$ cat coords_36.csv   # CSV, C-alpha atoms
chain,number,residue,atom,x,y,z
C,4,MET,CA,-14.6,2.8,-19.8
C,5,LYS,CA,-14.0,4.3,-16.4
C,6,VAL,CA,-14.8,2.3,-13.2
C,7,SER,CA,-15.1,3.7,-9.7
C,8,ILE,CA,-14.6,1.4,-6.7
C,9,VAL,CA,-16.1,1.8,-3.2
C,10,VAL,CA,-14.4,-0.4,-0.6
C,11,ILE,CA,-16.6,-0.8,2.5
C,12,GLY,CA,-15.4,-2.0,5.9
C,13,ASP,CA,-14.1,-0.6,9.2
C,14,GLU,CA,-11.4,-3.3,9.2
C,15,ILE,CA,-9.9,-1.9,6.0
C,16,LEU,CA,-10.3,1.8,7.0
C,17,ILE,CA,-8.4,1.3,10.2
C,18,GLY,CA,-5.7,-0.8,8.6
C,19,GLN,CA,-6.4,-4.2,10.1
C,20,VAL,CA,-7.1,-5.7,6.6
C,21,LYS,CA,-5.5,-4.7,3.3
C,22,ASP,CA,-7.5,-3.8,0.3
C,23,ILE,CA,-6.3,-6.2,-2.4
C,24,ASN,CA,-9.6,-6.3,-4.3
C,25,SER,CA,-9.1,-2.9,-6.0
C,26,ASN,CA,-5.8,-4.0,-7.4
C,27,TYR,CA,-7.2,-7.2,-8.7
C,28,ILE,CA,-10.1,-5.4,-10.4
C,29,ALA,CA,-7.7,-2.9,-12.1
C,30,ASN,CA,-5.6,-5.7,-13.5
C,31,VAL,CA,-8.5,-7.7,-14.8
C,32,ILE,CA,-10.2,-4.8,-16.6
C,33,ARG,CA,-7.1,-3.1,-18.1
C,34,PRO,CA,-6.6,-5.5,-21.0
C,35,GLU,CA,-10.0,-4.5,-22.3
C,36,GLY,CA,-9.2,-0.9,-22.3
C,37,TRP,CA,-11.0,-0.1,-19.1
C,38,SER,CA,-9.5,1.6,-16.1
C,39,VAL,CA,-10.1,2.5,-12.5
C,40,ASP,CA,-11.1,6.1,-12.2
C,41,SER,CA,-11.2,6.3,-8.4
C,42,VAL,CA,-11.1,4.1,-5.2
C,43,ALA,CA,-12.8,5.2,-2.0
C,44,ILE,CA,-12.5,3.4,1.3
C,45,VAL,CA,-15.2,4.0,3.8
C,46,GLY,CA,-16.3,2.5,7.1
C,47,ASP,CA,-19.5,0.7,8.0
C,48,GLU,CA,-21.4,3.9,8.4
C,49,PRO,CA,-24.6,4.7,6.4
C,50,THR,CA,-23.8,8.4,5.6
C,51,ALA,CA,-20.2,7.6,4.5
C,52,ILE,CA,-21.3,4.8,2.3
C,53,THR,CA,-24.1,6.8,0.7
C,54,SER,CA,-21.8,9.8,0.1
C,55,ALA,CA,-19.1,7.6,-1.5
C,56,ILE,CA,-21.5,5.8,-3.8
C,57,LYS,CA,-23.3,8.9,-4.9
C,58,ASN,CA,-20.1,10.7,-5.6
C,59,ALA,CA,-18.8,7.7,-7.6
C,60,LEU,CA,-22.0,7.6,-9.7
C,61,LYS,CA,-21.4,11.2,-10.6
C,62,HIS,CA,-18.1,10.4,-12.3
C,63,SER,CA,-18.4,6.9,-13.6
C,64,ASP,CA,-20.8,4.8,-15.6
C,65,ILE,CA,-19.8,1.7,-13.5
C,66,VAL,CA,-19.5,1.6,-9.7
C,67,LEU,CA,-18.3,-1.5,-8.0
C,68,THR,CA,-18.6,-1.9,-4.2
C,69,THR,CA,-16.8,-4.6,-2.1
C,70,GLY,CA,-17.6,-5.5,1.4
C,71,GLY,CA,-20.4,-4.8,3.9
C,72,LEU,CA,-22.6,-7.7,2.7
C,73,GLY,CA,-22.0,-10.1,5.6
C,74,PRO,CA,-24.6,-11.4,8.1
C,75,THR,CA,-23.5,-9.3,11.1
C,76,LYS,CA,-25.1,-6.0,12.3
C,77,ASP,CA,-22.3,-3.8,11.0
C,78,ASP,CA,-22.9,-5.1,7.4
C,79,ILE,CA,-25.3,-2.4,6.3
C,80,THR,CA,-24.6,-2.0,2.6
C,81,LYS,CA,-27.8,-3.7,1.4
C,82,MET,CA,-29.8,-1.3,3.5
C,83,VAL,CA,-28.0,1.7,2.1
C,84,LEU,CA,-28.3,0.5,-1.5
C,85,THR,CA,-32.0,0.0,-1.0
C,86,LYS,CA,-32.4,3.7,0.0
C,87,ILE,CA,-30.3,4.9,-2.9
C,88,PHE,CA,-32.0,2.7,-5.6
C,89,GLY,CA,-35.4,2.3,-4.1
C,90,GLY,CA,-37.5,-0.7,-3.4
C,91,ARG,CA,-37.5,-2.8,-0.2
C,92,LEU,CA,-35.6,-5.7,1.3
C,93,GLN,CA,-37.4,-8.9,0.4
C,94,LEU,CA,-36.7,-12.6,0.8
C,95,ASP,CA,-35.4,-14.1,-2.4
C,96,PRO,CA,-36.1,-17.9,-2.6
C,97,SER,CA,-33.2,-18.5,-5.0
C,98,VAL,CA,-30.7,-16.8,-2.7
C,99,ALA,CA,-32.1,-18.8,0.3
C,100,GLU,CA,-31.6,-22.0,-1.6
C,101,ASN,CA,-28.0,-21.0,-2.5
C,102,VAL,CA,-27.2,-20.0,1.1
C,103,SER,CA,-28.6,-23.4,2.4
C,104,LYS,CA,-26.5,-25.2,-0.3
C,105,ILE,CA,-23.3,-23.4,0.6
C,106,CYS,CA,-23.8,-24.1,4.3
C,107,HIS,CA,-24.5,-27.8,3.7
C,108,GLU,CA,-21.4,-28.2,1.5
C,109,ARG,CA,-19.2,-26.6,4.2
C,110,HIS,CA,-20.9,-28.5,7.1
C,111,ILE,CA,-22.0,-25.2,8.7
C,112,LYS,CA,-25.2,-25.0,10.7
C,113,LEU,CA,-27.5,-22.4,9.1
C,114,ASN,CA,-28.4,-19.9,11.7
C,115,ASP,CA,-30.8,-16.9,11.7
C,116,LEU,CA,-28.1,-14.4,10.8
C,117,THR,CA,-26.8,-16.4,7.8
C,118,ALA,CA,-30.4,-17.0,6.6
C,119,ARG,CA,-30.9,-13.2,6.5
C,120,GLN,CA,-28.4,-13.2,3.6
C,121,ALA,CA,-31.4,-14.1,1.4
C,122,LEU,CA,-32.9,-10.7,2.0
C,123,VAL,CA,-32.1,-8.5,-1.0
C,124,PRO,CA,-33.4,-5.2,-2.4
C,125,THR,CA,-36.3,-5.6,-4.9
C,126,SER,CA,-34.5,-2.9,-7.0
C,127,CYS,CA,-31.6,-5.2,-7.9
C,128,ARG,CA,-30.8,-8.2,-10.1
C,129,VAL,CA,-29.2,-11.0,-8.1
C,130,ILE,CA,-26.0,-12.7,-9.1
C,131,GLN,CA,-25.7,-15.9,-7.2
C,132,ASN,CA,-22.5,-16.2,-5.2
C,133,LYS,CA,-20.9,-19.6,-6.1
C,134,PHE,CA,-18.3,-19.2,-3.4
C,135,GLY,CA,-20.1,-17.8,-0.4
C,136,THR,CA,-23.4,-16.9,1.2
C,137,ALA,CA,-23.5,-13.2,0.4
C,138,PRO,CA,-25.4,-12.6,-2.9
C,139,LEU,CA,-24.0,-10.1,-5.5
C,140,MET,CA,-26.4,-7.4,-6.6
C,141,TRP,CA,-26.7,-5.6,-9.9
C,142,PHE,CA,-28.4,-2.2,-9.9
C,143,GLU,CA,-29.2,-0.1,-13.0
C,144,ARG,CA,-30.2,3.6,-13.1
C,145,PRO,CA,-32.5,5.1,-15.7
C,146,ASP,CA,-29.5,7.0,-17.1
C,147,GLY,CA,-27.7,3.6,-17.8
C,148,LYS,CA,-25.2,3.7,-15.0
C,149,VAL,CA,-24.6,0.4,-13.2
C,150,LEU,CA,-23.6,-0.5,-9.7
C,151,VAL,CA,-22.6,-4.0,-8.7
C,152,ALA,CA,-22.3,-4.8,-5.0
C,153,MET,CA,-19.8,-7.6,-4.3
C,154,PRO,CA,-18.6,-9.4,-1.1
C,155,GLY,CA,-15.3,-8.2,0.4
C,156,VAL,CA,-13.8,-11.6,1.0
C,157,PRO,CA,-11.0,-11.6,-1.7
C,158,PHE,CA,-11.5,-15.2,-2.8
C,159,GLU,CA,-15.2,-14.7,-3.3
C,160,MET,CA,-14.9,-11.3,-4.9
C,161,GLN,CA,-12.1,-12.2,-7.2
C,162,SER,CA,-13.6,-15.5,-8.3
C,163,MET,CA,-17.1,-13.9,-9.0
C,164,PHE,CA,-15.7,-10.8,-10.7
C,165,ASN,CA,-13.6,-12.8,-13.1
C,166,THR,CA,-16.2,-15.4,-13.9
C,167,GLU,CA,-19.5,-13.5,-13.7
C,168,VAL,CA,-19.4,-9.8,-13.0
C,169,PHE,CA,-16.8,-8.6,-15.6
C,170,PRO,CA,-18.2,-10.8,-18.4
C,171,ARG,CA,-21.6,-9.3,-17.8
C,172,LEU,CA,-20.3,-5.8,-17.7
C,173,LEU,CA,-18.4,-6.3,-21.0
C,174,LYS,CA,-21.6,-7.6,-22.6
C,175,HIS,CA,-23.7,-4.7,-21.2
C,176,PHE,CA,-21.3,-1.9,-22.1
C,177,GLY,CA,-19.1,-3.4,-24.8
C,178,THR,CA,-15.6,-2.3,-25.6
C,179,ASN,CA,-13.7,-1.1,-28.7
C,180,GLU,CA,-10.3,-0.6,-27.1
C,181,TYR,CA,-7.5,-3.2,-26.7
C,182,ILE,CA,-4.6,-2.9,-24.3
C,183,GLY,CA,-1.6,-5.2,-24.8
C,184,HIS,CA,1.5,-5.4,-22.7
C,185,ARG,CA,5.0,-6.9,-22.4
C,186,THR,CA,7.0,-7.3,-19.2
C,187,VAL,CA,10.7,-7.8,-18.6
C,188,LEU,CA,12.4,-8.4,-15.3
C,189,ILE,CA,15.7,-6.5,-14.9
C,190,SER,CA,18.2,-7.4,-12.2
C,191,GLY,CA,21.5,-5.8,-11.1
C,192,LEU,CA,20.4,-2.2,-11.8
C,193,ILE,CA,18.5,0.2,-9.6
C,194,GLU,CA,15.3,1.9,-10.8
C,195,SER,CA,16.8,5.4,-11.2
C,196,GLU,CA,19.6,4.0,-13.4
C,197,ILE,CA,17.1,2.1,-15.6
C,198,ALA,CA,14.9,5.2,-15.9
C,199,HIS,CA,17.9,7.3,-16.9
C,200,ARG,CA,18.8,4.8,-19.7
C,201,MET,CA,15.1,4.6,-20.8
C,202,GLY,CA,14.7,8.4,-21.2
C,203,SER,CA,15.1,8.6,-24.9
C,204,PHE,CA,13.2,5.4,-25.4
C,205,GLU,CA,10.2,6.8,-23.6
C,206,ASN,CA,10.3,10.0,-25.6
C,207,GLN,CA,10.0,8.1,-28.9
C,208,LEU,CA,7.1,5.8,-27.9
C,209,PRO,CA,4.0,6.1,-30.1
C,210,GLU,CA,0.9,7.7,-28.7
C,211,LYS,CA,-1.0,5.6,-26.1
C,212,PHE,CA,2.2,3.6,-25.4
C,213,HIS,CA,3.5,3.7,-21.9
C,214,LEU,CA,6.4,2.3,-19.9
C,215,ALA,CA,5.8,1.5,-16.2
C,216,TYR,CA,8.5,0.8,-13.5
C,217,LEU,CA,7.6,-1.7,-10.8
C,218,PRO,CA,10.5,-2.1,-8.4
C,219,THR,CA,10.8,-4.9,-5.8
C,220,PRO,CA,13.9,-5.7,-3.7
C,221,GLY,CA,16.7,-6.8,-6.1
C,222,LEU,CA,14.5,-6.5,-9.2
C,223,VAL,CA,12.7,-4.0,-11.4
C,224,ARG,CA,9.7,-5.0,-13.6
C,225,LEU,CA,9.4,-2.9,-16.8
C,226,ARG,CA,5.9,-3.2,-18.2
C,227,LEU,CA,5.3,-1.8,-21.7
C,228,ASP,CA,1.6,-1.1,-22.4
C,229,GLY,CA,0.1,-0.2,-25.7
C,230,GLU,CA,-3.5,0.8,-26.4
C,231,GLY,CA,-5.5,1.0,-29.6
C,232,THR,CA,-8.6,-0.2,-31.5
C,233,ASP,CA,-6.6,-2.4,-33.9
C,234,ARG,CA,-5.3,-5.4,-31.8
C,235,GLU,CA,-2.9,-6.7,-34.5
C,236,LYS,CA,-1.4,-3.2,-35.0
C,237,VAL,CA,-0.9,-2.8,-31.2
C,238,GLU,CA,0.7,-6.2,-30.8
C,239,LYS,CA,3.1,-5.6,-33.7
C,240,GLU,CA,4.2,-2.2,-32.3
C,241,LEU,CA,4.7,-3.8,-28.8
C,242,ASP,CA,7.0,-6.4,-30.3
C,243,ILE,CA,9.1,-3.6,-32.0
C,244,GLN,CA,9.4,-1.5,-28.9
C,245,PHE,CA,9.9,-4.4,-26.5
C,246,ALA,CA,12.9,-5.6,-28.7
C,247,LYS,CA,14.5,-2.3,-28.1
C,248,ILE,CA,14.2,-2.7,-24.3
C,249,ILE,CA,15.8,-6.2,-24.4
C,250,ALA,CA,18.6,-4.9,-26.6
C,251,GLU,CA,19.3,-2.0,-24.2
C,252,PHE,CA,19.7,-4.1,-21.0
C,253,GLY,CA,21.3,-7.3,-22.4
C,254,LYS,CA,22.8,-9.3,-19.5
C,255,HIS,CA,20.6,-7.5,-17.0
C,256,VAL,CA,17.5,-9.1,-18.5
C,257,LEU,CA,16.5,-11.8,-16.0
C,258,TRP,CA,13.2,-12.9,-17.6
C,259,GLU,CA,11.1,-11.8,-20.5
C,260,ASN,CA,7.7,-12.4,-19.0
C,261,ASP,CA,5.6,-11.3,-16.0
C,262,CYS,CA,6.3,-14.1,-13.6
C,263,THR,CA,7.3,-14.3,-9.9
C,264,LEU,CA,10.8,-15.3,-9.0
C,265,PRO,CA,9.7,-18.7,-7.5
C,266,GLU,CA,7.7,-19.4,-10.8
C,267,ILE,CA,10.8,-18.7,-12.9
C,268,ALA,CA,13.1,-20.8,-10.8
C,269,LEU,CA,10.7,-23.7,-10.9
C,270,GLU,CA,10.1,-23.4,-14.6
C,271,LEU,CA,13.9,-23.6,-15.2
C,272,LEU,CA,14.3,-26.5,-12.8
C,273,LYS,CA,11.6,-28.4,-14.6
C,274,LYS,CA,13.0,-27.5,-18.0
C,275,HIS,CA,16.3,-29.1,-17.0
C,276,GLY,CA,14.8,-32.0,-15.0
C,277,LEU,CA,16.5,-30.9,-11.8
C,278,THR,CA,15.6,-31.0,-8.1
C,279,ILE,CA,16.4,-28.6,-5.4
C,280,SER,CA,16.7,-28.4,-1.6
C,281,THR,CA,17.3,-25.5,0.8
C,282,ALA,CA,19.4,-24.9,3.9
C,283,GLU,CA,18.3,-21.7,5.5
C,284,SER,CA,19.5,-19.8,8.6
C,285,CYS,CA,18.6,-16.1,8.5
C,286,THR,CA,15.7,-16.7,6.1
C,287,GLY,CA,14.1,-19.3,8.4
C,288,GLY,CA,12.5,-21.4,5.6
C,289,ALA,CA,11.2,-18.4,3.6
C,290,ILE,CA,12.9,-19.6,0.4
C,291,ALA,CA,11.4,-23.0,0.7
C,292,ALA,CA,8.0,-21.4,1.5
C,293,SER,CA,8.1,-19.2,-1.6
C,294,LEU,CA,8.9,-22.2,-3.8
C,295,THR,CA,6.3,-24.5,-2.3
C,296,SER,CA,3.6,-21.8,-2.7
C,297,ILE,CA,3.6,-22.5,-6.4
C,298,PRO,CA,1.3,-25.3,-7.6
C,299,GLY,CA,3.3,-28.2,-9.0
C,300,SER,CA,6.5,-27.4,-7.1
C,301,SER,CA,6.7,-30.9,-5.7
C,302,GLU,CA,8.1,-32.0,-9.1
C,303,SER,CA,11.3,-30.1,-8.3
C,304,MET,CA,11.3,-29.1,-4.6
C,305,MET,CA,12.5,-32.0,-2.4
C,306,GLY,CA,12.7,-30.3,1.0
C,307,GLY,CA,14.6,-27.9,3.2
C,308,VAL,CA,16.4,-27.6,6.5
C,309,VAL,CA,16.1,-24.5,8.8
C,310,ALA,CA,19.6,-24.6,10.3
C,311,TYR,CA,19.2,-21.6,12.6
C,312,SER,CA,21.5,-22.9,15.3
C,313,ASN,CA,25.2,-23.8,14.8
C,314,ASP,CA,24.4,-27.2,16.3
C,315,VAL,CA,22.0,-27.9,13.4
C,316,LYS,CA,24.5,-26.6,10.9
C,317,ARG,CA,27.1,-29.0,12.3
C,318,ASN,CA,25.1,-32.1,13.2
C,319,VAL,CA,22.5,-32.1,10.4
C,320,LEU,CA,24.3,-30.4,7.5
C,321,GLY,CA,27.8,-31.5,8.3
C,322,VAL,CA,29.3,-28.0,8.5
C,323,LYS,CA,32.8,-28.3,10.1
C,324,GLU,CA,33.1,-26.9,13.6
C,325,SER,CA,36.5,-25.5,12.6
C,326,SER,CA,34.9,-23.4,9.8
C,327,ILE,CA,32.4,-21.9,12.2
C,328,ASP,CA,35.1,-21.2,14.8
C,329,GLU,CA,37.5,-19.6,12.3
C,330,TYR,CA,35.1,-17.8,10.0
C,331,GLY,CA,31.8,-17.5,11.9
C,332,ALA,CA,28.4,-18.8,11.0
C,333,VAL,CA,27.9,-15.9,8.6
C,334,SER,CA,30.7,-16.7,6.2
C,335,LEU,CA,31.2,-18.0,2.7
C,336,PRO,CA,32.9,-21.3,3.8
C,337,VAL,CA,29.9,-22.1,6.1
C,338,VAL,CA,27.2,-21.4,3.5
C,339,GLU,CA,29.1,-23.4,0.9
C,340,GLN,CA,29.2,-26.4,3.3
C,341,MET,CA,25.5,-25.9,4.2
C,342,ALA,CA,24.5,-26.1,0.5
C,343,GLU,CA,26.7,-29.1,-0.1
C,344,GLY,CA,25.4,-30.8,3.1
C,345,VAL,CA,21.7,-30.3,2.3
C,346,SER,CA,22.1,-31.4,-1.4
C,347,LYS,CA,23.7,-34.7,-0.2
C,348,ARG,CA,21.3,-35.4,2.7
C,349,LEU,CA,18.0,-34.7,1.0
C,350,ILE,CA,17.8,-37.4,-1.6
C,351,LYS,CA,21.0,-36.1,-3.2
C,352,THR,CA,19.3,-33.2,-4.9
C,353,ASP,CA,20.8,-31.6,-8.0
C,354,CYS,CA,20.6,-28.0,-6.8
C,355,ALA,CA,20.7,-26.3,-3.4
C,356,ILE,CA,20.4,-22.8,-1.9
C,357,SER,CA,21.9,-21.9,1.5
C,358,THR,CA,21.7,-18.6,3.5
C,359,SER,CA,23.3,-17.3,6.7
C,360,GLY,CA,23.1,-13.7,7.8
C,361,ILE,CA,22.4,-11.1,10.4
C,362,ALA,CA,18.8,-9.9,10.0
C,363,GLY,CA,18.9,-7.8,13.2
C,364,PRO,CA,18.2,-5.8,15.1
C,365,THR,CA,20.8,-7.6,17.3
C,366,GLY,CA,23.7,-10.0,16.6
C,367,ALA,CA,25.8,-7.5,14.7
C,368,THR,CA,29.6,-7.1,15.1
C,369,ALA,CA,32.0,-4.4,13.9
C,370,SER,CA,33.0,-6.6,10.9
C,371,LYS,CA,29.5,-8.0,10.3
C,372,PRO,CA,26.9,-5.3,10.7
C,373,VAL,CA,23.1,-5.9,10.5
C,374,GLY,CA,22.2,-6.8,6.9
C,375,THR,CA,25.3,-8.9,6.3
C,376,VAL,CA,24.3,-12.0,4.4
C,377,CYS,CA,26.2,-14.9,2.8
C,378,MET,CA,24.6,-17.3,0.4
C,379,ALA,CA,25.5,-20.2,-1.8
C,380,VAL,CA,23.8,-21.8,-4.8
C,381,ILE,CA,24.7,-25.2,-6.2
C,382,THR,CA,23.7,-26.3,-9.7
C,383,PRO,CA,25.1,-28.9,-12.1
C,384,GLY,CA,27.3,-26.0,-13.3
C,385,GLY,CA,29.0,-25.7,-10.0
C,386,ILE,CA,28.8,-23.7,-6.8
C,387,ALA,CA,28.5,-20.0,-6.6
C,388,VAL,CA,28.9,-18.1,-3.3
C,389,ASP,CA,28.4,-14.5,-2.5
C,390,HIS,CA,28.5,-11.9,0.3
C,391,TYR,CA,25.9,-9.1,0.5
C,392,ARG,CA,25.0,-6.1,2.7
C,393,PHE,CA,21.3,-5.4,2.7
C,394,SER,CA,19.6,-2.4,4.2
C,395,GLY,CA,16.3,-2.1,6.0
C,396,ASN,CA,14.6,-3.7,9.0
C,397,ARG,CA,14.5,-7.4,9.8
C,398,THR,CA,11.6,-8.1,7.6
C,399,GLN,CA,13.1,-6.2,4.7
C,400,ILE,CA,16.5,-7.9,5.0
C,401,ILE,CA,14.9,-11.3,4.9
C,402,GLU,CA,12.8,-10.4,1.9
C,403,ARG,CA,15.8,-9.0,0.1
C,404,THR,CA,17.8,-12.2,0.9
C,405,VAL,CA,15.0,-14.5,-0.4
C,406,ASN,CA,14.7,-12.5,-3.6
C,407,MET,CA,18.5,-12.4,-4.2
C,408,ALA,CA,18.8,-16.1,-3.5
C,409,LEU,CA,16.2,-16.9,-6.1
C,410,ILE,CA,17.7,-14.4,-8.6
C,411,LYS,CA,21.1,-16.1,-8.1
C,412,LEU,CA,19.6,-19.5,-8.6
C,413,ILE,CA,17.8,-18.3,-11.8
C,414,THR,CA,21.0,-16.7,-13.1
C,415,GLU,CA,23.0,-20.0,-12.6
C,416,LEU,CA,20.2,-22.1,-14.1
C,417,LYS,CA,20.1,-19.9,-17.2
C,418,LYS,CA,23.8,-20.8,-17.8
C,419,LEU,CA,23.1,-24.5,-18.2
$ encode --input "coords_36.csv" --output "structure tokens"
Amino acid sequence: MKVSIVVIGDEILIGQVKDINSNYIANVIRPEGWSVDSVAIVGDEPTAITSAIKNALKHSDIVLTTGGLGPTKDDITKMVLTKIFGGRLQLDPSVAENVSKICHERHIKLNDLTARQALVPTSCRVIQNKFGTAPLMWFERPDGKVLVAMPGVPFEMQSMFNTEVFPRLLKHFGTNEYIGHRTVLISGLIESEIAHRMGSFENQLPEKFHLAYLPTPGLVRLRLDGEGTDREKVEKELDIQFAKIIAEFGKHVLWENDCTLPEIALELLKKHGLTISTAESCTGGAIAASLTSIPGSSESMMGGVVAYSNDVKRNVLGVKESSIDEYGAVSLPVVEQMAEGVSKRLIKTDCAISTSGIAGPTGATASKPVGTVCMAVITPGGIAVDHYRFSGNRTQIIERTVNMALIKLITELKKL
């Protein structure tokens, strides 16, 4: 089943806000054999919205719109949809009740603009928004094609699509295709090298099986997809082909599942009953932030120190002044002492990560150019220190450092 998406909003069209809803929809529908046929991004302008919707309905049986359903004057999607599908805007008592309830729960005063959210086209079927005031609207054409208008706020759209919209679409249209997938995380190899080694493997894949390359700094996700009407047969073939990938890359296989680096690190820490702390200079707390963004991280994550200045390195973490004077703040001896210091001072944690580097654009020297990073990882298996040279701008260097630090932690934890 092909789905077209129309993303509505000036803020997305001019780049102030990223469209993450289309990606979410594509990921949710794919396991059922459905796919996104097209994505159109248009501003809050009636002609543009009308043209995009009519064009989408020409090519797809299902059209999903996101955005343009708010209470402000530039949110005109309901008006446009009324002209396309007919009917008139009319007060819906059930929507008015839901809007009042949401405002009460959030301690928001219900004003005239918000109350107007209860005006909906008579040509639609309302799907009550459990997470916001903008109602979702289901339109059907005589030829069987369906359009569902959804809010643009990611939390609202994603929650409602997952729990209400997609289940209704599945029930309405049905599906006889199954798509399964396997994911492996490869570290220590660049994408082109992996692709070169996978050439003959991809040539022998059965029909409707596909290998996708999803690179991120320091890591490449390989996702193997298989499609068919017989779920058991697809799953069996996926296991066979996936085993070949694992055998090919051996020690470069970081993880055999689709997880983020912080999720993997925390899973291994919990598995071994270990705690961790961080001592960060160039990453400014980004490693700690990535770990604590995962629910349940408090079981393993004890805390962190942002030791940006040498004074903090010395006075808080116990780094020797002689080491900084002799080797510099960006050096293996310093990050080793930073890791040892934070592991002792923060409730004597079992593991620690430390980083010190030059993220740029200033601060470089002839011997230590921008992108020079040193890091240390302590686990019960010992301490591992490394020196890296990352490319890119300041943001990219920090991102690469965070990823590599977590990869290094995961690699050491897997040895236990």
$ atom_distance --input "coords_36.csv" --atom1 "CA of Met140 (chain C)" --atom2 "CA of Pro124 (chain C)"
8.5 Å
$ residues_around --input "coords_36.csv" --residues "Gln399 (chain C)" --least-positions-apart "6" --cutoff "10 Å" --atoms "only C-alpha atoms" --output "mmCIF file with C-alpha atoms, in the frame of the given file"
data_model
loop_
_atom_site.group_PDB
_atom_site.id
_atom_site.type_symbol
_atom_site.label_atom_id
_atom_site.label_comp_id
_atom_site.auth_asym_id
_atom_site.auth_seq_id
_atom_site.Cartn_x
_atom_site.Cartn_y
_atom_site.Cartn_z
ATOM 1 C CA PRO C 220 13.900 -5.700 -3.700
ATOM 2 C CA ALA C 362 18.800 -9.900 10.000
ATOM 3 C CA GLY C 374 22.200 -6.800 6.900
ATOM 4 C CA PHE C 393 21.300 -5.400 2.700
ATOM 5 C CA VAL C 405 15.000 -14.500 -0.400
#
$ atom_distance --input "coords_36.csv" --atom1 "CA of Thr186 (chain C)" --atom2 "CA of Glu259 (chain C)"
6.2 Å
$ residues_around --input "coords_36.csv" --residues "Val156 (chain C)" --least-positions-apart "2" --cutoff "9 Å" --atoms "only C-alpha atoms" --output "list of chain:residue names"
C:Asn24, C:Thr69, C:Gly70, C:Gly135, C:Met153, C:Pro154, C:Phe158, C:Glu159, C:Met160, C:Gln161
$ atom_distance --input "coords_36.csv" --atom1 "CA of Ile381 (chain C)" --atom2 "CA of Leu192 (chain C)"
24.1 Å
$ residues_around --input "coords_36.csv" --residues "region 313-318 of chain C" --least-positions-apart "3" --cutoff "10 Å" --atoms "all atoms listed in the file" --output "PyMOL selection string"
chain C and resi 282-284+308-310+321-324+326-327+331-332+337-338+340-341+344-345
$ closest_residue --input "coords_36.csv" --among "C:Lys61, C:Leu173, C:Asp13, C:Thr125" --to "Asp78 (chain C)" --atoms "only C-alpha atoms"
C:Asp13
$ closest_residue --input "coords_36.csv" --among "C:Met305, C:Leu188, C:Leu113, C:Val223" --to "Val256 (chain C)" --atoms "all atoms listed in the file"
C:Leu188
$ closest_residue --input "coords_36.csv" --among "C:Leu320, C:Ile193, C:Leu419, C:Leu241" --to "Arg348 (chain C)" --atoms "only C-alpha atoms"
C:Leu320
$ closest_residue --input "coords_36.csv" --among "C:Gly231, C:Gly253, C:Gly287, C:Gly177" --to "Ile361 (chain C)" --atoms "all atoms listed in the file"
C:Gly287
$ closest_residue --input "coords_36.csv" --among "C:Thr263, C:Ser346, C:Ser394, C:Ser195" --to "Leu409 (chain C)" --atoms "only C-alpha atoms"
C:Thr263
$ residues_around --input "coords_36.csv" --residues "Leu214 (chain C)" --least-positions-apart "4" --cutoff "9 Å" --atoms "only C-alpha atoms" --output "list in words"
Glu205, Leu208, Leu225, Arg226, Leu227, Asp228 and Gly229 of chain C
$ closest_residue --input "coords_36.csv" --among "C:Ile105, C:Ser126, C:Leu277, C:Gly12" --to "Pro145 (chain C)" --atoms "only C-alpha atoms"
C:Ser126
$ residues_around --input "coords_36.csv" --residues "Leu416 (chain C)" --least-positions-apart "3" --cutoff "10 Å" --atoms "all atoms listed in the file" --output "number ranges by chain"
C: 268, 271-272, 274-275, 277, 354, 380-384, 410-413, 419
$ decode --input "coords_36.csv" --residues "region 162-188 of chain C" --atoms "C-alpha atoms" --output "PDB file, in the first residue's frame"
ATOM      1  CA  SER C 162       1.146   9.227  19.502  1.00  0.00           C
ATOM      2  CA  MET C 163      -2.138   9.467  17.619  1.00  0.00           C
ATOM      3  CA  PHE C 164      -0.809   7.840  14.447  1.00  0.00           C
ATOM      4  CA  ASN C 165       0.550   4.879  16.356  1.00  0.00           C
ATOM      5  CA  THR C 166      -2.475   4.297  18.587  1.00  0.00           C
ATOM      6  CA  GLU C 167      -5.419   5.439  16.459  1.00  0.00           C
ATOM      7  CA  VAL C 168      -4.757   6.376  12.843  1.00  0.00           C
ATOM      8  CA  PHE C 169      -2.634   3.497  11.570  1.00  0.00           C
ATOM      9  CA  PRO C 170      -4.722   0.769  13.274  1.00  0.00           C
ATOM     10  CA  ARG C 171      -7.823   2.250  11.597  1.00  0.00           C
ATOM     11  CA  LEU C 172      -6.096   2.404   8.227  1.00  0.00           C
ATOM     12  CA  LEU C 173      -4.996  -1.212   8.553  1.00  0.00           C
ATOM     13  CA  LYS C 174      -8.525  -2.280   9.394  1.00  0.00           C
ATOM     14  CA  HIS C 175      -9.952  -0.232   6.516  1.00  0.00           C
ATOM     15  CA  PHE C 176      -7.523  -1.317   3.778  1.00  0.00           C
ATOM     16  CA  GLY C 177      -6.060  -4.538   5.148  1.00  0.00           C
ATOM     17  CA  THR C 178      -2.650  -5.942   4.268  1.00  0.00           C
ATOM     18  CA  ASN C 179      -1.278  -9.223   2.961  1.00  0.00           C
ATOM     19  CA  GLU C 180       2.400  -8.315   2.920  1.00  0.00           C
ATOM     20  CA  TYR C 181       4.900  -8.773   5.731  1.00  0.00           C
ATOM     21  CA  ILE C 182       8.256  -7.022   5.993  1.00  0.00           C
ATOM     22  CA  GLY C 183      10.808  -8.285   8.499  1.00  0.00           C
ATOM     23  CA  HIS C 184      14.220  -6.877   9.200  1.00  0.00           C
ATOM     24  CA  ARG C 185      17.485  -7.498  10.972  1.00  0.00           C
ATOM     25  CA  THR C 186      19.997  -4.835  11.981  1.00  0.00           C
ATOM     26  CA  VAL C 187      23.674  -5.068  12.834  1.00  0.00           C
ATOM     27  CA  LEU C 188      25.976  -2.248  13.955  1.00  0.00           C
TER      28      LEU C 188
END
